[in-house]
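Colleague: Below is the structure I would like to discuss, written out as structure tokens.
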Amino acid sequence: MALITTKEMFKKAYEGGYSIGAFNISNLEQLQGVLEGAKAKNSFVMIQASKSAIEYAGINTLVAMVKTASDEIGVDVALHLDHGPDFETVKKCIDAGFTSVMIDGSHHDFETNVKMTKEVVDYAHSKGVVVEAELGVLAGVEDDVVADSHVYTEPDEAVEFVERTGVDSLAIAIGTSHGAFKFKGEAKLRFDILEEIQNRLPGFPIVLHGASAVDQESVATCNKYGGDIAGAKGVPVDMLRKASSMAVCKINMDTDLRLAMTAALRKFMAENPSVFDPRKYLAVGRDAIKMVVEDKIDNVLGSENSAK
């Protein structure tokens, strides 16, 4: 199998009213769990790595690992840089073999964001790589991405941004947040913003970041076996499925995988205190991730059999 771009998968997703899952990984077991879940559901999938994940795993090791695992498991996959902070980081990933990259200039002013994105688009497109950008600001914390406040995406700016940069997909801010603590009260997403952008950019792929559901069973298991994750709350599944049926062609999921793996590891090690073989407890974490991915494909993304 091969590393591919998102062009075909996003086109099919938009026309089919579903989304592609973009799952963050930083080690082999996470990668295997995601790919095995996608294989079981015959679904398109994206593997994402943030700057900190690349620093953890090593960029060439990570690319080789994704290529080899996708071939062994039998899944075509897009390898995507999540939240690239600058041109140098993005270029490094493109040159190493990533097939999709994100340049995140959302914390800068509009004109600076346009300039940063256009520079990346010009280089990436010359190498056959697709580009995602972001407009608007998501609150919360995830890896190196930190924001105290939320700024909704303006539809007028979204149209101008896409036209001026030539970007291939756009992450927008409609109320999702990074991390495990997304909402203090009732969750609310601005579907009116999404709908207006969809009407004004017909056929254009929209991306949702900060879209983990934060499974409460995983949170409870973590806490039961020694964890301290109080007040974690995510985006309701029905809201994510609604977004998937509209212009949203890619949904990012990181926290849900971390929680599932951590819960499985905590439970296994508490119940098997004599085990010290990493293969045994990491395999349990890998299986937990596979189950999460299958569940997301069925109940959130709607992407089963998309890779036919």
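Identifiers for the structure tokens are assigned positionally: chains receive A, B, ... in sequence, residues are indexed from 1 per chain, and ligands are indexed from 1 in the order shown.
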If you count only C-alpha atoms, which residues fall within 10 Å of Asn305 (chain A), apart from same-chain ones fewer than 4 positions away, as a PyMOL selection string?
Modeller: chain A and resi 38-44+297
Colleague: Could you save the residues just selected, with N, CA and C atoms, as a PDB file, in the first residue's frame?
Modeller:
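Dumped to out_19.pdb:
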```
ATOM      1  N   ALA A  38      -8.820   1.137  10.835  1.00  0.00           N
ATOM      2  CA  ALA A  38      -9.224   1.563   9.493  1.00  0.00           C
ATOM      3  C   ALA A  38      -9.362   0.364   8.560  1.00  0.00           C
ATOM      4  N   LYS A  39      -8.420  -0.583   8.677  1.00  0.00           N
ATOM      5  CA  LYS A  39      -8.477  -1.783   7.840  1.00  0.00           C
ATOM      6  C   LYS A  39      -9.742  -2.588   8.116  1.00  0.00           C
ATOM      7  N   ALA A  40     -10.095  -2.730   9.384  1.00  0.00           N
ATOM      8  CA  ALA A  40     -11.274  -3.510   9.753  1.00  0.00           C
ATOM      9  C   ALA A  40     -12.550  -2.909   9.174  1.00  0.00           C
ATOM     10  N   LYS A  41     -12.563  -1.590   9.010  1.00  0.00           N
ATOM     11  CA  LYS A  41     -13.746  -0.909   8.492  1.00  0.00           C
ATOM     12  C   LYS A  41     -13.595  -0.489   7.030  1.00  0.00           C
ATOM     13  N   ASN A  42     -12.468  -0.878   6.401  1.00  0.00           N
ATOM     14  CA  ASN A  42     -12.215  -0.521   5.005  1.00  0.00           C
ATOM     15  C   ASN A  42     -12.394   0.979   4.784  1.00  0.00           C
ATOM     16  N   SER A  43     -11.794   1.764   5.656  1.00  0.00           N
ATOM     17  CA  SER A  43     -11.990   3.211   5.648  1.00  0.00           C
ATOM     18  C   SER A  43     -10.707   3.953   5.301  1.00  0.00           C
ATOM     19  N   PHE A  44     -10.862   5.046   4.579  1.00  0.00           N
ATOM     20  CA  PHE A  44      -9.763   5.993   4.437  1.00  0.00           C
ATOM     21  C   PHE A  44      -9.355   6.469   5.828  1.00  0.00           C
ATOM     22  N   ILE A 297     -15.328   5.547  13.273  1.00  0.00           N
ATOM     23  CA  ILE A 297     -15.727   5.344  11.878  1.00  0.00           C
ATOM     24  C   ILE A 297     -17.219   5.048  11.785  1.00  0.00           C
TER      25      ILE A 297
END
```
Colleague: Determine, counting only C-alpha atoms, which protein, DNA and RNA residues have an atom within 7 Å of an atom of region 192-207 of chain A; residues of the same chain fewer than 6 positions away are not included. Present the result as a list in words.
Modeller: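 These residues fall inside the cut-off: Phe10, Tyr14, Pro155, Val159, Ser169, Leu170, Ala171, Ile172, Ile174, Ala247, Val248, Cys249, Lys250 and Ile251 of chain A.
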Colleague: Selection from above, N, CA and C atoms, as a tab-separated table (two decimals), in the first residue's frame, can you write it?
Modeller:
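The resulting again12.tsv:
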```tsv
chain	number	residue	atom	x	y	z
A	10	PHE	N	-10.94	13.38	0.23
A	10	PHE	CA	-11.78	14.52	0.59
A	10	PHE	C	-12.91	14.72	-0.41
A	14	TYR	N	-16.75	14.59	0.77
A	14	TYR	CA	-17.69	15.72	0.59
A	14	TYR	C	-18.95	15.23	-0.13
A	155	PRO	N	-16.97	34.07	7.97
A	155	PRO	CA	-17.16	33.52	6.62
A	155	PRO	C	-16.56	34.38	5.52
A	159	VAL	N	-13.61	32.96	2.80
A	159	VAL	CA	-13.66	33.00	1.34
A	159	VAL	C	-12.44	33.71	0.78
A	169	SER	N	-7.49	22.79	2.04
A	169	SER	CA	-8.54	22.60	3.04
A	169	SER	C	-8.34	23.63	4.13
A	170	LEU	N	-9.41	23.89	4.89
A	170	LEU	CA	-9.34	24.95	5.89
A	170	LEU	C	-9.97	24.50	7.20
A	171	ALA	N	-9.19	24.59	8.28
A	171	ALA	CA	-9.71	24.34	9.62
A	171	ALA	C	-10.38	25.61	10.11
A	172	ILE	N	-11.61	25.49	10.59
A	172	ILE	CA	-12.34	26.65	11.06
A	172	ILE	C	-12.70	26.50	12.54
A	174	ILE	N	-15.59	26.83	15.16
A	174	ILE	CA	-17.04	26.97	15.36
A	174	ILE	C	-17.46	26.55	16.77
A	247	ALA	N	-19.99	20.11	5.26
A	247	ALA	CA	-18.76	20.34	4.49
A	247	ALA	C	-17.51	19.84	5.20
A	248	VAL	N	-17.65	19.35	6.42
A	248	VAL	CA	-16.48	18.88	7.17
A	248	VAL	C	-16.03	17.53	6.61
A	249	CYS	N	-14.83	17.51	6.03
A	249	CYS	CA	-14.30	16.30	5.41
A	249	CYS	C	-13.19	15.66	6.23
A	250	LYS	N	-12.75	16.33	7.29
A	250	LYS	CA	-11.66	15.81	8.14
A	250	LYS	C	-11.94	16.22	9.58
A	251	ILE	N	-11.90	15.23	10.47
A	251	ILE	CA	-12.08	15.51	11.89
A	251	ILE	C	-10.85	15.00	12.64
```
Colleague: With only C-alpha atoms as the basis for distance, which of A:Leu189, A:Ala307, A:Ala211, A:Met269 is at the shortest distance from Asp76 (chain A)?
Modeller: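 Under the stated criterion, the closest residue is A:Ala307.
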Colleague: If we count only C-alpha atoms and set the cut-off at 12 Å, which residues sit around Arg164 (chain A), ignoring sequence neighbours fewer than 3 positions away in its own chain? Please answer as a ChimeraX atom specification.
Modeller: /A:110-111,113-119,121-122,157-161,167-168
Colleague: Quick one: residues within 7 Å of Thr5 (chain A), only C-alpha atoms, excluding same-chain residues fewer than 6 positions away - as an mmCIF file with N, CA and C atoms, in the first residue's frame?
Modeller:
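The resulting result_13.cif:
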```
data_model
loop_
_atom_site.group_PDB
_atom_site.id
_atom_site.type_symbol
_atom_site.label_atom_id
_atom_site.label_comp_id
_atom_site.auth_asym_id
_atom_site.auth_seq_id
_atom_site.Cartn_x
_atom_site.Cartn_y
_atom_site.Cartn_z
ATOM 1 N N ALA A 78 -2.804 8.848 4.327
ATOM 2 C CA ALA A 78 -2.183 10.155 4.178
ATOM 3 C C ALA A 78 -1.411 10.449 5.462
ATOM 4 N N THR A 99 2.753 13.571 3.007
ATOM 5 C CA THR A 99 1.931 13.819 1.818
ATOM 6 C C THR A 99 0.924 14.942 2.017
ATOM 7 N N SER A 100 0.815 15.425 3.250
ATOM 8 C CA SER A 100 -0.122 16.495 3.590
ATOM 9 C C SER A 100 0.471 17.278 4.757
ATOM 10 N N VAL A 129 2.273 17.967 -2.724
ATOM 11 C CA VAL A 129 1.755 17.816 -1.369
ATOM 12 C C VAL A 129 0.611 18.793 -1.140
ATOM 13 N N VAL A 130 -0.420 18.375 -0.418
ATOM 14 C CA VAL A 130 -1.579 19.220 -0.149
ATOM 15 C C VAL A 130 -1.403 19.970 1.167
#
```
Colleague: Which residue, A:Leu301, A:Asn252, A:Leu259, A:Leu31, has the smallest gap to Lys233 (chain A) when you use only C-alpha atoms?
Modeller: A:Leu259
Colleague: For Met261 (chain A), list every protein, DNA or RNA residue within 8 Å, evaluated using only C-alpha atoms, and leave out those in the same chain fewer than 3 positions away; present the list as a list in words.
Modeller: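 Close residues of Met261 (chain A): Leu257, Arg258, Ala264, Leu265, Val284, Gly285, Arg286, Ala288 and Ile289 of chain A.
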Colleague: Quick check, in Å to one decimal: how far apart do CA of Val101 (chain A) and CA of Val237 (chain A) lie?
Modeller: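 We find that CA of Val101 (chain A) and CA of Val237 (chain A) lie 26.6 Å from each other.
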Colleague: Please compute the CA of Glu132 (chain A)-CA of His80 (chain A) distance, one decimal, in Å.
Modeller: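 Computed distance, CA of Glu132 (chain A) to CA of His80 (chain A), equals 9.3 Å.
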Colleague: As an exercise, work out the distance from CA of Met102 (chain A) to CA of Val66 (chain A) in Å and give it to one decimal place.
Modeller: 18.0 Å
Colleague: Go through A:Gly166, A:Gly175, A:Gly17, A:Pro273 and flag the residue nearest Val235 (chain A), using only C-alpha atoms for the distances.
Modeller: A:Gly175
Colleague: Skip Lys67 (chain A) itself and residues of its chain fewer than 5 positions away, then list as number ranges by chain all residues within 12 Å of it, counting only C-alpha atoms.
Modeller: A: 1-4, 28, 31-32, 35, 47, 60-62, 72-79, 96-99
Colleague: Grab the residues selected above and save them as a CSV table (one decimal), in the first residue's frame with C-alpha atoms.
Modeller:
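So the final result, stored in result.csv, reads:
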```csv
chain,number,residue,atom,x,y,z
A,1,MET,CA,0.0,0.0,0.0
A,2,ALA,CA,1.1,3.6,-0.3
A,3,LEU,CA,1.2,7.1,1.3
A,4,ILE,CA,-1.3,9.2,-0.6
A,28,LEU,CA,4.3,2.3,16.9
A,31,LEU,CA,0.0,3.8,14.6
A,32,GLN,CA,-0.8,0.1,14.4
A,35,LEU,CA,-4.4,1.4,10.8
A,47,ILE,CA,-2.1,9.7,10.4
A,60,ASN,CA,12.7,9.8,9.4
A,61,THR,CA,11.8,7.0,11.8
A,62,LEU,CA,8.2,8.2,11.8
A,72,GLU,CA,2.1,-4.6,6.2
A,73,ILE,CA,-1.4,-3.9,7.4
A,74,GLY,CA,-2.7,-3.1,3.9
A,75,VAL,CA,-4.0,0.5,4.2
A,76,ASP,CA,-3.4,3.5,2.0
A,77,VAL,CA,-2.9,6.4,4.3
A,78,ALA,CA,-2.2,10.2,4.2
A,79,LEU,CA,0.7,11.2,6.5
A,96,ALA,CA,11.0,13.8,4.5
A,97,GLY,CA,7.9,12.3,2.7
A,98,PHE,CA,4.8,13.7,4.4
A,99,THR,CA,1.9,13.8,1.8
```
Colleague: May I ask which of the residues A:Val90, A:Val292, A:Ile20, A:Leu135 is the closest one to Ser106 (chain A), counting only C-alpha atoms?
Modeller: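 Among the listed residues, the smallest separation from Ser106 (chain A) belongs to A:Leu135.
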Colleague: Where in region 96-156 of chain A does DSSP assign alpha helix (DSSP H), given as an MDAnalysis selection string?
Modeller: chainID A and resid 96 110:126 155:156
Colleague: Restricted to N, CA and C atoms, what would the selected residues look like written as a short mmCIF file (atom, residue, chain, number, x, y, z; two decimals), in the first residue's frame?
Modeller:
```cif
data_model
loop_
_atom_site.label_atom_id
_atom_site.label_comp_id
_atom_site.auth_asym_id
_atom_site.auth_seq_id
_atom_site.Cartn_x
_atom_site.Cartn_y
_atom_site.Cartn_z
N ALA A 96 10.80 15.14 3.89
CA ALA A 96 10.97 13.81 4.50
C ALA A 96 9.97 12.79 3.97
N PHE A 110 -4.60 38.48 10.12
CA PHE A 110 -5.09 37.88 8.87
C PHE A 110 -4.04 37.96 7.76
N GLU A 111 -3.45 39.11 7.54
CA GLU A 111 -2.50 39.27 6.44
C GLU A 111 -1.26 38.41 6.63
N THR A 112 -0.79 38.31 7.87
CA THR A 112 0.36 37.45 8.13
C THR A 112 0.02 35.99 7.89
N ASN A 113 -1.17 35.59 8.29
CA ASN A 113 -1.64 34.22 8.06
C ASN A 113 -1.70 33.93 6.57
N VAL A 114 -2.23 34.87 5.80
CA VAL A 114 -2.29 34.70 4.34
C VAL A 114 -0.89 34.53 3.76
N LYS A 115 0.03 35.38 4.16
CA LYS A 115 1.41 35.33 3.64
C LYS A 115 2.09 34.02 3.99
N MET A 116 1.97 33.60 5.26
CA MET A 116 2.58 32.33 5.69
C MET A 116 2.02 31.16 4.90
N THR A 117 0.70 31.14 4.75
CA THR A 117 0.03 30.03 4.08
C THR A 117 0.39 29.98 2.61
N LYS A 118 0.41 31.13 1.95
CA LYS A 118 0.73 31.17 0.51
C LYS A 118 2.15 30.67 0.26
N GLU A 119 3.08 31.01 1.12
CA GLU A 119 4.46 30.53 0.96
C GLU A 119 4.51 29.00 1.05
N VAL A 120 3.78 28.45 2.00
CA VAL A 120 3.75 26.99 2.15
C VAL A 120 3.05 26.33 0.96
N VAL A 121 1.92 26.90 0.54
CA VAL A 121 1.17 26.34 -0.59
C VAL A 121 2.05 26.28 -1.84
N ASP A 122 2.76 27.34 -2.11
CA ASP A 122 3.60 27.38 -3.32
C ASP A 122 4.64 26.27 -3.29
N TYR A 123 5.29 26.08 -2.13
CA TYR A 123 6.32 25.04 -2.05
C TYR A 123 5.70 23.65 -2.06
N ALA A 124 4.66 23.45 -1.27
CA ALA A 124 4.03 22.12 -1.17
C ALA A 124 3.47 21.66 -2.51
N HIS A 125 2.76 22.54 -3.18
CA HIS A 125 2.16 22.16 -4.46
C HIS A 125 3.23 21.81 -5.50
N SER A 126 4.38 22.45 -5.42
CA SER A 126 5.48 22.13 -6.35
C SER A 126 6.01 20.72 -6.11
N PRO A 155 -16.97 34.07 7.97
CA PRO A 155 -17.16 33.52 6.62
C PRO A 155 -16.56 34.38 5.52
N ASP A 156 -16.68 35.71 5.63
CA ASP A 156 -16.10 36.59 4.61
C ASP A 156 -14.60 36.38 4.51
#
```
Colleague: Can you check which residues of region 108-138 of chain A DSSP gives as strand (DSSP E or B) on the backbone and send them as number ranges by chain?
Modeller: A: 130-135, 137
Colleague: Could the residues in this selection be saved with N, CA and C atoms as an mmCIF file, in the first residue's frame?
Modeller:
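The new file result.cif reads:
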```cif
data_model
loop_
_atom_site.group_PDB
_atom_site.id
_atom_site.type_symbol
_atom_site.label_atom_id
_atom_site.label_comp_id
_atom_site.auth_asym_id
_atom_site.auth_seq_id
_atom_site.Cartn_x
_atom_site.Cartn_y
_atom_site.Cartn_z
ATOM 1 N N VAL A 130 -0.420 18.375 -0.418
ATOM 2 C CA VAL A 130 -1.579 19.220 -0.149
ATOM 3 C C VAL A 130 -1.403 19.970 1.167
ATOM 4 N N VAL A 131 -2.139 21.093 1.282
ATOM 5 C CA VAL A 131 -1.952 21.982 2.426
ATOM 6 C C VAL A 131 -3.273 22.294 3.110
ATOM 7 N N GLU A 132 -3.246 22.226 4.437
ATOM 8 C CA GLU A 132 -4.347 22.667 5.294
ATOM 9 C C GLU A 132 -3.887 23.913 6.052
ATOM 10 N N ALA A 133 -4.789 24.863 6.225
ATOM 11 C CA ALA A 133 -4.498 26.043 7.038
ATOM 12 C C ALA A 133 -5.613 26.216 8.046
ATOM 13 N N GLU A 134 -5.488 27.217 8.910
ATOM 14 C CA GLU A 134 -6.506 27.451 9.936
ATOM 15 C C GLU A 134 -6.832 28.928 10.013
ATOM 16 N N LEU A 135 -8.132 29.212 10.195
ATOM 17 C CA LEU A 135 -8.611 30.587 10.326
ATOM 18 C C LEU A 135 -9.593 30.632 11.488
ATOM 19 N N VAL A 137 -9.551 30.929 16.009
ATOM 20 C CA VAL A 137 -8.711 30.395 17.089
ATOM 21 C C VAL A 137 -9.534 29.483 17.996
#
```
Colleague: From the set A:Glu294, A:Asp86, A:Glu154, A:Asp104, which residue has the shortest atom-to-atom contact distance to Gly37 (chain A), counting only C-alpha atoms?
Modeller: A:Glu294
